[in-house]
Each structure stands twice: as C-alpha cells, then as structure tokens.
$ cat coords-v8.cif   # mmCIF, C-alpha atoms
data_input
#
loop_
_atom_site.group_PDB
_atom_site.id
_atom_site.type_symbol
_atom_site.label_atom_id
_atom_site.label_comp_id
_atom_site.auth_asym_id
_atom_site.auth_seq_id
_atom_site.Cartn_x
_atom_site.Cartn_y
_atom_site.Cartn_z
ATOM 1 C CA MET U 1 96.850 130.475 111.507
ATOM 2 C CA LEU U 2 95.113 133.115 109.457
ATOM 3 C CA SER U 3 91.797 132.449 107.796
ATOM 4 C CA ALA U 4 91.574 132.386 104.013
ATOM 5 C CA ALA U 5 89.760 135.727 104.114
ATOM 6 C CA GLU U 6 92.511 137.310 106.218
ATOM 7 C CA ILE U 7 95.204 136.045 103.868
ATOM 8 C CA ASP U 8 93.277 137.334 100.855
ATOM 9 C CA GLU U 9 93.025 140.755 102.494
ATOM 10 C CA LEU U 10 96.766 140.855 103.164
ATOM 11 C CA LYS U 11 97.508 139.726 99.614
ATOM 12 C CA GLN U 12 95.333 142.501 98.213
ATOM 13 C CA THR U 13 97.087 145.044 100.428
ATOM 14 C CA ALA U 14 100.472 143.753 99.246
ATOM 15 C CA ARG U 15 99.343 143.939 95.615
ATOM 16 C CA GLU U 16 98.411 147.589 96.039
ATOM 17 C CA ILE U 17 101.692 148.311 97.809
ATOM 18 C CA ARG U 18 103.645 146.784 94.920
ATOM 19 C CA LYS U 19 101.644 148.941 92.510
ATOM 20 C CA ASP U 20 102.503 152.061 94.507
ATOM 21 C CA ILE U 21 106.199 151.131 94.572
ATOM 22 C CA LEU U 22 106.295 150.838 90.783
ATOM 23 C CA ILE U 23 104.435 154.088 90.194
ATOM 24 C CA MET U 24 106.457 156.189 92.615
ATOM 25 C CA LEU U 25 109.756 154.885 91.235
ATOM 26 C CA ASN U 26 108.637 155.433 87.645
ATOM 27 C CA ARG U 27 107.712 159.033 88.435
ATOM 28 C CA ALA U 28 110.894 159.620 90.385
ATOM 29 C CA GLY U 29 113.050 158.174 87.626
ATOM 30 C CA SER U 30 115.344 156.575 90.196
ATOM 31 C CA GLY U 31 115.278 154.422 93.305
ATOM 32 C CA HIS U 32 115.432 150.830 94.483
ATOM 33 C CA PRO U 33 112.661 148.456 93.395
ATOM 34 C CA GLY U 34 114.245 144.997 93.845
ATOM 35 C CA GLY U 35 114.852 145.063 97.591
ATOM 36 C CA SER U 36 111.614 146.967 98.209
ATOM 37 C CA LEU U 37 109.496 144.342 96.483
ATOM 38 C CA SER U 38 111.234 141.474 98.308
ATOM 39 C CA ILE U 39 110.012 142.607 101.750
ATOM 40 C CA VAL U 40 106.442 143.639 100.938
ATOM 41 C CA GLU U 41 104.889 140.664 102.755
ATOM 42 C CA ILE U 42 107.046 141.215 105.843
ATOM 43 C CA LEU U 43 106.057 144.865 106.203
ATOM 44 C CA THR U 44 102.439 144.152 105.351
ATOM 45 C CA ALA U 45 102.243 141.504 108.075
ATOM 46 C CA LEU U 46 103.947 143.766 110.613
ATOM 47 C CA TYR U 47 101.888 146.907 110.028
ATOM 48 C CA PHE U 48 98.523 145.318 109.335
ATOM 49 C CA LYS U 49 98.565 142.342 111.733
ATOM 50 C CA ILE U 50 101.312 142.602 114.341
ATOM 51 C CA MET U 51 102.635 146.007 115.321
ATOM 52 C CA ASN U 52 100.871 148.143 117.887
ATOM 53 C CA VAL U 53 100.977 151.557 116.210
ATOM 54 C CA ASP U 54 98.685 154.540 115.722
ATOM 55 C CA PRO U 55 99.145 156.599 112.541
ATOM 56 C CA TYR U 56 97.250 159.467 114.165
ATOM 57 C CA LYS U 57 99.750 159.494 117.043
ATOM 58 C CA PRO U 58 103.067 158.621 115.361
ATOM 59 C CA GLU U 59 105.059 159.564 118.470
ATOM 60 C CA TRP U 60 102.891 157.576 120.906
ATOM 61 C CA GLU U 61 105.340 156.364 123.538
ATOM 62 C CA LYS U 62 103.942 152.836 123.779
ATOM 63 C CA ARG U 63 104.102 152.095 120.055
ATOM 64 C CA ASP U 64 106.131 149.240 118.611
ATOM 65 C CA ARG U 65 109.168 150.371 116.611
ATOM 66 C CA LEU U 66 110.424 149.337 113.180
ATOM 67 C CA VAL U 67 113.968 149.999 111.976
ATOM 68 C CA LEU U 68 114.443 149.614 108.231
ATOM 69 C CA SER U 69 118.188 149.147 108.370
ATOM 70 C CA LYS U 70 118.341 148.571 104.595
ATOM 71 C CA GLY U 71 117.201 152.143 104.093
ATOM 72 C CA HIS U 72 117.425 152.066 100.295
ATOM 73 C CA ALA U 73 114.179 150.048 100.428
ATOM 74 C CA ALA U 74 112.423 153.272 101.447
ATOM 75 C CA PRO U 75 109.751 152.959 98.709
ATOM 76 C CA VAL U 76 108.116 149.976 100.390
ATOM 77 C CA LEU U 77 108.171 151.713 103.780
ATOM 78 C CA TYR U 78 106.595 154.837 102.283
ATOM 79 C CA ALA U 79 103.922 152.798 100.507
ATOM 80 C CA VAL U 80 103.053 150.940 103.718
ATOM 81 C CA LEU U 81 102.990 154.099 105.847
ATOM 82 C CA ALA U 82 100.725 155.838 103.330
ATOM 83 C CA LYS U 83 98.428 152.813 103.206
ATOM 84 C CA LYS U 84 98.302 152.774 107.000
ATOM 85 C CA GLY U 85 97.337 156.448 107.093
ATOM 86 C CA TYR U 86 100.494 158.226 108.261
ATOM 87 C CA PHE U 87 100.360 160.690 105.370
ATOM 88 C CA PRO U 88 98.206 161.291 102.256
ATOM 89 C CA PRO U 89 98.745 158.670 99.515
ATOM 90 C CA GLU U 90 99.355 161.321 96.850
ATOM 91 C CA GLU U 91 102.514 162.328 98.726
ATOM 92 C CA MET U 92 104.098 159.052 97.562
ATOM 93 C CA TYR U 93 104.287 160.279 94.005
ATOM 94 C CA ARG U 94 106.630 163.089 95.005
ATOM 95 C CA LEU U 95 109.340 160.563 95.885
ATOM 96 C CA ARG U 96 112.830 162.029 95.377
ATOM 97 C CA LYS U 97 111.403 165.340 94.158
ATOM 98 C CA LEU U 98 112.756 168.706 95.292
ATOM 99 C CA ASP U 99 111.220 169.705 98.660
ATOM 100 C CA SER U 100 109.492 166.325 99.059
ATOM 101 C CA PRO U 101 109.723 164.765 102.538
ATOM 102 C CA LEU U 102 110.085 161.366 100.840
ATOM 103 C CA GLN U 103 113.788 161.253 100.147
ATOM 104 C CA GLY U 104 115.726 158.383 98.615
ATOM 105 C CA HIS U 105 116.360 157.102 102.135
ATOM 106 C CA PRO U 106 113.993 157.530 105.108
ATOM 107 C CA ASP U 107 114.281 160.732 107.153
ATOM 108 C CA MET U 108 112.793 160.569 110.651
ATOM 109 C CA LYS U 109 112.557 164.375 110.802
ATOM 110 C CA LYS U 110 110.438 164.631 107.677
ATOM 111 C CA VAL U 111 108.224 161.540 107.489
ATOM 112 C CA PRO U 112 105.773 160.556 110.244
ATOM 113 C CA GLY U 113 106.161 156.891 111.141
ATOM 114 C CA VAL U 114 109.860 156.700 110.269
ATOM 115 C CA GLU U 115 111.603 155.831 113.526
ATOM 116 C CA ILE U 116 115.202 156.418 112.458
ATOM 117 C CA SER U 117 116.986 157.846 109.425
ATOM 118 C CA THR U 118 118.761 154.994 107.664
ATOM 119 C CA GLY U 119 120.769 154.439 104.532
ATOM 120 C CA SER U 120 124.342 153.927 105.702
ATOM 121 C CA LEU U 121 124.238 150.150 105.716
ATOM 122 C CA GLY U 122 125.110 148.223 108.864
ATOM 123 C CA GLN U 123 123.928 150.800 111.394
ATOM 124 C CA GLY U 124 120.241 150.030 111.851
ATOM 125 C CA LEU U 125 120.613 146.949 114.018
ATOM 126 C CA SER U 126 122.669 148.949 116.528
ATOM 127 C CA VAL U 127 119.872 151.514 116.699
ATOM 128 C CA ALA U 128 117.317 148.741 117.180
ATOM 129 C CA ASN U 129 119.418 147.464 120.096
ATOM 130 C CA GLY U 130 119.226 150.888 121.683
ATOM 131 C CA MET U 131 115.459 151.000 121.312
ATOM 132 C CA ALA U 132 115.081 147.550 122.845
ATOM 133 C CA LEU U 133 117.337 148.530 125.745
ATOM 134 C CA ALA U 134 115.319 151.724 126.272
ATOM 135 C CA ALA U 135 112.059 149.770 126.478
ATOM 136 C CA ARG U 136 113.577 147.506 129.115
ATOM 137 C CA ALA U 137 114.994 150.435 131.111
ATOM 138 C CA ASP U 138 111.590 152.106 131.116
ATOM 139 C CA GLY U 139 109.766 148.907 132.070
ATOM 140 C CA GLU U 140 107.730 149.012 128.840
ATOM 141 C CA ASP U 141 106.530 146.011 126.844
ATOM 142 C CA TRP U 142 106.592 147.516 123.358
ATOM 143 C CA ARG U 143 108.772 145.639 120.893
ATOM 144 C CA THR U 144 111.382 146.570 118.342
ATOM 145 C CA PHE U 145 111.563 145.050 114.864
ATOM 146 C CA ALA U 146 114.420 145.467 112.410
ATOM 147 C CA ILE U 147 114.946 144.519 108.781
ATOM 148 C CA VAL U 148 118.452 143.968 107.441
ATOM 149 C CA GLY U 149 119.639 142.973 103.980
ATOM 150 C CA ASP U 150 121.751 139.967 103.076
ATOM 151 C CA GLY U 151 124.317 142.214 101.406
ATOM 152 C CA GLU U 152 124.178 144.448 104.458
ATOM 153 C CA ILE U 153 125.362 141.687 106.788
ATOM 154 C CA GLN U 154 128.728 141.924 105.066
ATOM 155 C CA GLU U 155 129.196 145.056 107.224
ATOM 156 C CA GLY U 156 131.191 144.468 110.395
ATOM 157 C CA GLN U 157 128.951 146.645 112.551
ATOM 158 C CA ILE U 158 126.119 144.177 112.049
ATOM 159 C CA TRP U 159 128.085 141.542 113.935
ATOM 160 C CA GLU U 160 129.035 143.949 116.719
ATOM 161 C CA ALA U 161 125.325 144.655 117.085
ATOM 162 C CA ALA U 162 124.585 140.919 117.001
ATOM 163 C CA MET U 163 126.956 140.364 119.926
ATOM 164 C CA THR U 164 125.463 143.304 121.818
ATOM 165 C CA ALA U 165 121.880 142.082 121.449
ATOM 166 C CA ALA U 166 122.777 138.609 122.683
ATOM 167 C CA HIS U 167 124.945 139.930 125.524
ATOM 168 C CA TYR U 168 122.117 142.095 126.856
ATOM 169 C CA ARG U 169 119.540 139.361 126.264
ATOM 170 C CA LEU U 170 117.254 141.523 124.180
ATOM 171 C CA GLY U 171 114.279 139.220 123.946
ATOM 172 C CA ASN U 172 112.134 142.205 122.923
ATOM 173 C CA LEU U 173 114.036 142.519 119.637
ATOM 174 C CA THR U 174 113.024 140.640 116.496
ATOM 175 C CA ALA U 175 115.011 141.076 113.292
ATOM 176 C CA PHE U 176 114.339 139.893 109.759
ATOM 177 C CA LEU U 177 117.037 139.049 107.238
ATOM 178 C CA ASP U 178 115.904 139.710 103.678
ATOM 179 C CA TYR U 179 117.735 136.734 102.188
ATOM 180 C CA ASN U 180 117.167 137.232 98.473
ATOM 181 C CA HIS U 181 120.791 136.375 97.557
ATOM 182 C CA LEU U 182 121.319 139.503 95.437
ATOM 183 C CA GLN U 183 122.965 142.876 96.001
ATOM 184 C CA ILE U 184 123.955 145.721 93.703
ATOM 185 C CA ASP U 185 127.058 143.941 92.378
ATOM 186 C CA GLY U 186 125.511 140.489 91.897
ATOM 187 C CA ARG U 187 125.019 137.420 94.065
ATOM 188 C CA VAL U 188 125.975 137.909 97.697
ATOM 189 C CA GLU U 189 127.762 134.567 97.605
ATOM 190 C CA ASP U 190 130.074 135.936 94.902
ATOM 191 C CA VAL U 191 130.632 139.405 96.371
ATOM 192 C CA MET U 192 131.287 138.374 99.989
ATOM 193 C CA CYS U 193 129.688 135.074 100.949
ATOM 194 C CA PRO U 194 127.767 135.264 104.261
ATOM 195 C CA SER U 195 126.947 131.545 104.438
ATOM 196 C CA PRO U 196 126.105 129.672 106.546
ATOM 197 C CA VAL U 197 123.761 132.448 107.607
ATOM 198 C CA ALA U 198 121.554 130.675 110.171
ATOM 199 C CA GLU U 199 124.510 129.016 111.880
ATOM 200 C CA LYS U 200 126.319 132.322 112.232
ATOM 201 C CA TRP U 201 123.428 134.034 113.972
ATOM 202 C CA LYS U 202 123.007 131.031 116.252
ATOM 203 C CA ALA U 203 126.712 131.176 117.103
ATOM 204 C CA PHE U 204 126.273 134.819 118.059
ATOM 205 C CA GLY U 205 123.605 133.827 120.575
ATOM 206 C CA TRP U 206 120.398 134.500 118.692
ATOM 207 C CA GLU U 207 117.272 132.397 118.372
ATOM 208 C CA VAL U 208 117.079 131.698 114.640
ATOM 209 C CA LEU U 209 114.058 130.789 112.530
ATOM 210 C CA GLU U 210 114.055 130.171 108.769
ATOM 211 C CA ILE U 211 110.914 130.791 106.743
ATOM 212 C CA ASP U 212 109.445 131.606 103.348
ATOM 213 C CA GLY U 213 109.428 135.416 103.464
ATOM 214 C CA HIS U 214 106.412 135.653 101.168
ATOM 215 C CA ASP U 215 104.116 133.345 103.177
ATOM 216 C CA TYR U 216 101.941 135.166 105.714
ATOM 217 C CA ASN U 217 101.273 132.224 108.012
ATOM 218 C CA SER U 218 104.999 131.501 108.199
ATOM 219 C CA ILE U 219 105.817 135.145 108.957
ATOM 220 C CA LEU U 220 103.217 135.459 111.696
ATOM 221 C CA GLU U 221 104.076 132.084 113.229
ATOM 222 C CA ALA U 222 107.747 133.076 113.384
ATOM 223 C CA ILE U 223 106.921 136.404 115.047
ATOM 224 C CA ASN U 224 104.797 134.613 117.626
ATOM 225 C CA LYS U 225 107.646 132.161 118.290
ATOM 226 C CA SER U 226 110.024 135.065 118.793
ATOM 227 C CA ARG U 227 107.910 136.197 121.737
ATOM 228 C CA GLN U 228 108.634 132.863 123.430
ATOM 229 C CA SER U 229 112.341 133.704 123.810
ATOM 230 C CA PRO U 230 112.250 136.435 126.482
ATOM 231 C CA GLU U 231 116.028 136.460 126.977
ATOM 232 C CA GLN U 232 117.196 135.967 123.400
ATOM 233 C CA PRO U 233 116.935 138.237 120.371
ATOM 234 C CA THR U 234 115.405 136.484 117.381
ATOM 235 C CA MET U 235 116.624 136.530 113.800
ATOM 236 C CA ILE U 236 114.036 135.428 111.265
ATOM 237 C CA VAL U 237 115.880 134.430 108.110
ATOM 238 C CA THR U 238 113.334 135.090 105.395
ATOM 239 C CA HIS U 239 113.981 133.423 102.054
ATOM 240 C CA THR U 240 112.735 135.956 99.529
ATOM 241 C CA VAL U 241 112.862 136.821 95.828
ATOM 242 C CA LYS U 242 114.337 140.122 94.756
ATOM 243 C CA GLY U 243 111.785 141.990 92.638
ATOM 244 C CA LYS U 244 109.001 139.666 93.806
ATOM 245 C CA GLY U 245 105.788 139.929 91.794
ATOM 246 C CA ILE U 246 107.215 141.639 88.722
ATOM 247 C CA SER U 247 108.133 139.200 85.967
ATOM 248 C CA TYR U 248 111.144 141.005 84.526
ATOM 249 C CA MET U 249 112.550 142.000 87.933
ATOM 250 C CA GLU U 250 112.419 138.697 89.821
ATOM 251 C CA GLY U 251 115.873 137.361 90.605
ATOM 252 C CA GLU U 252 117.640 140.093 88.618
ATOM 253 C CA ALA U 253 120.441 142.008 90.356
ATOM 254 C CA GLY U 254 120.168 144.775 87.746
ATOM 255 C CA TRP U 255 116.901 145.871 89.355
ATOM 256 C CA HIS U 256 118.579 146.660 92.656
ATOM 257 C CA GLY U 257 118.613 150.374 91.896
ATOM 258 C CA LYS U 258 116.842 151.233 88.644
ATOM 259 C CA ALA U 259 113.431 152.771 88.021
ATOM 260 C CA PRO U 260 110.994 151.188 85.557
ATOM 261 C CA SER U 261 110.330 153.012 82.301
ATOM 262 C CA ASP U 262 106.757 153.789 81.229
ATOM 263 C CA GLU U 263 106.619 150.569 79.220
ATOM 264 C CA GLU U 264 108.077 148.567 82.116
ATOM 265 C CA LEU U 265 105.568 150.184 84.458
ATOM 266 C CA ARG U 266 102.715 149.037 82.227
ATOM 267 C CA GLN U 267 104.103 145.489 82.176
ATOM 268 C CA GLY U 268 104.547 145.517 85.958
ATOM 269 C CA LEU U 269 100.978 146.671 86.496
ATOM 270 C CA LYS U 270 99.816 143.895 84.183
ATOM 271 C CA ASP U 271 101.826 141.379 86.204
ATOM 272 C CA LEU U 272 100.002 142.576 89.327
ATOM 273 C CA GLY U 273 96.608 142.363 87.668
ATOM 274 C CA PHE U 274 95.957 146.098 87.323
ATOM 275 C CA ALA U 275 94.562 147.737 84.234
ATOM 276 C CA GLU U 276 96.495 150.831 83.211
ATOM 277 C CA GLU U 277 93.409 153.007 83.544
ATOM 278 C CA GLU U 278 93.173 152.090 87.250
ATOM 279 C CA VAL U 279 96.392 153.985 87.953
ATOM 280 C CA ILE U 280 96.305 157.569 89.183
ATOM 281 C CA LYS U 281 97.303 159.827 86.293
#
$ encode --input "coords-v8.cif" --output "structure tokens"
Amino acid sequence: MLSAAEIDELKQTAREIRKDILIMLNRAGSGHPGGSLSIVEILTALYFKIMNVDPYKPEWEKRDRLVLSKGHAAPVLYAVLAKKGYFPPEEMYRLRKLDSPLQGHPDMKKVPGVEISTGSLGQGLSVANGMALAARADGEDWRTFAIVGDGEIQEGQIWEAAMTAAHYRLGNLTAFLDYNHLQIDGRVEDVMCPSPVAEKWKAFGWEVLEIDGHDYNSILEAINKSRQSPEQPTMIVTHTVKGKGISYMEGEAGWHGKAPSDEELRQGLKDLGFAEEEVIK
C-alpha cells in the first residue's frame, strides 16, 4: 500500500497531466480528451511507480514496454512522457501542428518513448504479444504493458490476440481495459455490447482482475498480483470515467474527439484547481 504522501504526489502529477492534456488540445483545436483523461491514473502509476524505464536512454534494451493500443489517447501519453523527461514540455503545445513530432496518434519514429505507432484500433494487443514473446526468447525479465479501449474490444483482432497470449502463456504481459462504457458513437453497450467483459477474458484463458481505474492502491495491487501468474497473461479491467476530472466532460460521449474552447479550457483548469495565470501563455 502506498503512503498518504506517495498518493498525494501521484495525485499532483495526475492533476498536472490533466492540465497539459487540456492545454495541448485547446491549442491544437482537435484531438481526443475523453479517453485520454480516463487513463491518467493508470499511466501515472505505470511511469512513476512501476515501469523500469530511462528517459535518457529510451531504447535501453532492458526497459519495460508500454503499448497504447487505443492510440487516439495520444495526448495523455505525450503529457506523461514529457513529465517523465523524454522530451521538453513545451513540445506538447505543438500537438497536431505542421512538422510537430506529436501527431494525432503516436509515431514511434518521431517521439522518444513511444514503443509502437498505434491508431488503427485492435492491433496493439497483437504487438504487445510479440514484445512479450521476444522477452521470453531472449531470456529477459522486462515486462510488457498494454492499454486497450472498451470500444476497441469490438474489433475481432483483439480476440485473436487474446487467444494467442493465453496459448503461449505470456505471464510477462499485463493489459488494462479502459472500461468507461463510452465510445465515439455512444455507449458501448448500445453500439456493440461487449458484456460480460470479465467472463469473456477469463474464458479466453486470462487472469482477470477488476478494479477502480482511478484508485492508485488498487492499480498497484493489481499489477503486483499480475506478477504472480507467471504462465497466464493478466487483464486488469479498470472501471473508469470518460473525461475524468473535468466537470462538463465526465460521462459525455461527445467529448470523445473534440477540443475544448478557450472558455471550456478556463472551466477545466478551474475544475483542476489551477488559476488561469498559472498556465503557460
């Protein structure tokens, strides 16, 4: 269990990451806030408490790997990587600009710390399988983490990858399902219902854990439990809120892919406890 001071530190980091997401999307005039904000705690826990990485050596062979399969949530990945020191923070505010390395979806050839270019939904888990298999073949103990969306699991390739991971007993693979119940067209249950989610992953041979995706102790406890299944991949079903932390975005499908206006940015910063004058002009 984390101490109160450690949790406070992670919460402050997450608050700053949410601020950066809002600012970069406002300046870009486009992008995906809802599904970026829903996984802030997951990425914060991974990069600042769990993953063995070195921002000064982004291609270090023994690093842990993260695959953001739901690549449209690139803003949160960029904000976390900048906060971790992979590139200068001011680069964030060139999101989606001409000649910026920070494209609308992550590009592994342009952004240090991005392990794989993603954006075509359904493909990331297959890539994560390959990374986990490579670690085993090389006799290495680094781990692979993947994040998939609840709308994304409507893609058939996800379930092919699920079978593959179980068949090859990839105990060094831990995946997170961002279960916020919303996708671009509305509720996932209305578009193409994936329920019962936990039972399906169990049927495919995975160890399955269900947690509050915004609670740090729950996230870290689940990751530690995943290490106790050396011959089973683990799916951590994280119950999250789309647009978490921003009053007018929470639980609203319309904020899947829309940038906040200047007025909405000011309200979002207020929701996070920032004064407008604290923001980089």
$ resolve_selection --input "coords-v8.cif" --expression "the PyMOL selection byres ((chain U and resi 97-107) around 9)" --output "list of chain:residue names"
U:Ala28, U:Ser30, U:Gly31, U:His32, U:Leu68, U:Gly71, U:His72, U:Ala73, U:Ala74, U:Pro75, U:Leu77, U:Tyr78, U:Glu91, U:Met92, U:Tyr93, U:Arg94, U:Leu95, U:Arg96, U:Met108, U:Lys109, U:Lys110, U:Val111, U:Val114, U:Glu115, U:Ile116, U:Ser117, U:Thr118, U:Gly119
$ write_last_selection --input "coords-v8.cif" --atoms "C-alpha atoms" --output "PDB file, keeping the file's coordinate frame"
ATOM      1  CA  ALA U  28     110.894 159.620  90.385  1.00  0.00           C
ATOM      2  CA  SER U  30     115.344 156.575  90.196  1.00  0.00           C
ATOM      3  CA  GLY U  31     115.278 154.422  93.305  1.00  0.00           C
ATOM      4  CA  HIS U  32     115.432 150.830  94.483  1.00  0.00           C
ATOM      5  CA  LEU U  68     114.443 149.614 108.231  1.00  0.00           C
ATOM      6  CA  GLY U  71     117.201 152.143 104.093  1.00  0.00           C
ATOM      7  CA  HIS U  72     117.425 152.066 100.295  1.00  0.00           C
ATOM      8  CA  ALA U  73     114.179 150.048 100.428  1.00  0.00           C
ATOM      9  CA  ALA U  74     112.423 153.272 101.447  1.00  0.00           C
ATOM     10  CA  PRO U  75     109.751 152.959  98.709  1.00  0.00           C
ATOM     11  CA  LEU U  77     108.171 151.713 103.780  1.00  0.00           C
ATOM     12  CA  TYR U  78     106.595 154.837 102.283  1.00  0.00           C
ATOM     13  CA  GLU U  91     102.514 162.328  98.726  1.00  0.00           C
ATOM     14  CA  MET U  92     104.098 159.052  97.562  1.00  0.00           C
ATOM     15  CA  TYR U  93     104.287 160.279  94.005  1.00  0.00           C
ATOM     16  CA  ARG U  94     106.630 163.089  95.005  1.00  0.00           C
ATOM     17  CA  LEU U  95     109.340 160.563  95.885  1.00  0.00           C
ATOM     18  CA  ARG U  96     112.830 162.029  95.377  1.00  0.00           C
ATOM     19  CA  MET U 108     112.793 160.569 110.651  1.00  0.00           C
ATOM     20  CA  LYS U 109     112.557 164.375 110.802  1.00  0.00           C
ATOM     21  CA  LYS U 110     110.438 164.631 107.677  1.00  0.00           C
ATOM     22  CA  VAL U 111     108.224 161.540 107.489  1.00  0.00           C
ATOM     23  CA  VAL U 114     109.860 156.700 110.269  1.00  0.00           C
ATOM     24  CA  GLU U 115     111.603 155.831 113.526  1.00  0.00           C
ATOM     25  CA  ILE U 116     115.202 156.418 112.458  1.00  0.00           C
ATOM     26  CA  SER U 117     116.986 157.846 109.425  1.00  0.00           C
ATOM     27  CA  THR U 118     118.761 154.994 107.664  1.00  0.00           C
ATOM     28  CA  GLY U 119     120.769 154.439 104.532  1.00  0.00           C
TER      29      GLY U 119
END
$ closest_atom_pairs --input "coords-v8.cif" --of "segment 3-93 of chain U" --to "segment 245-259 of chain U" --cutoff "9 Å" --atoms "all atoms listed in the file" --output "CSV"
residue,atom,partner,partner_atom,distance
U:Arg15,CA,U:Gly245,CA,8.5
U:Arg18,CA,U:Gly245,CA,7.8
U:Leu22,CA,U:Ala259,CA,7.9
U:Leu25,CA,U:Ala259,CA,5.3
U:Asn26,CA,U:Ala259,CA,5.5
U:Arg27,CA,U:Ala259,CA,8.5
U:Ala28,CA,U:Ala259,CA,7.7
U:Gly29,CA,U:Ala259,CA,5.4
U:Ser30,CA,U:Ala259,CA,4.8
U:Gly31,CA,U:Gly257,CA,5.4
U:His32,CA,U:Gly257,CA,4.1
U:Pro33,CA,U:His256,CA,6.2
U:Gly34,CA,U:His256,CA,4.8
U:Gly35,CA,U:His256,CA,6.4
U:Ser36,CA,U:His256,CA,8.9
U:Leu37,CA,U:Gly245,CA,7.4
U:Ser38,CA,U:Gly245,CA,8.6
U:His72,CA,U:Gly257,CA,8.6
$ atom_distance --input "coords-v8.cif" --atom1 "atom CA of Lys70 of chain U" --atom2 "atom CA of Lys242 of chain U"
13.6 Å
$ closest_residue --input "coords-v8.cif" --among "U:Gly122, U:Gly268, U:Gly186, U:Gly171" --to "Gln232 of chain U" --atoms "all atoms listed in the file"
U:Gly171
$ residues_around --input "coords-v8.cif" --residues "Asn129 of chain U" --least-positions-apart "5" --cutoff "8 Å" --atoms "only C-alpha atoms" --output "list in words"
Ala161, Thr164, Ala165, Leu170 and Leu173 of chain U
$ atom_distance --input "coords-v8.cif" --atom1 "atom CA of Ser195 of chain U" --atom2 "atom CA of Ser226 of chain U"
22.5 Å
$ closest_residue --input "coords-v8.cif" --among "U:Val241, U:Ala132, U:Leu125, U:Val53" --to "Trp159 of chain U" --atoms "only C-alpha atoms"
U:Leu125
$ atom_distance --input "coords-v8.cif" --atom1 "atom CA of Phe145 of chain U" --atom2 "atom CA of Thr174 of chain U"
4.9 Å
$ closest_residue --input "coords-v8.cif" --among "U:Arg143, U:Ile39, U:Pro55, U:Met131" --to "Leu177 of chain U" --atoms "all atoms listed in the file"
U:Ile39
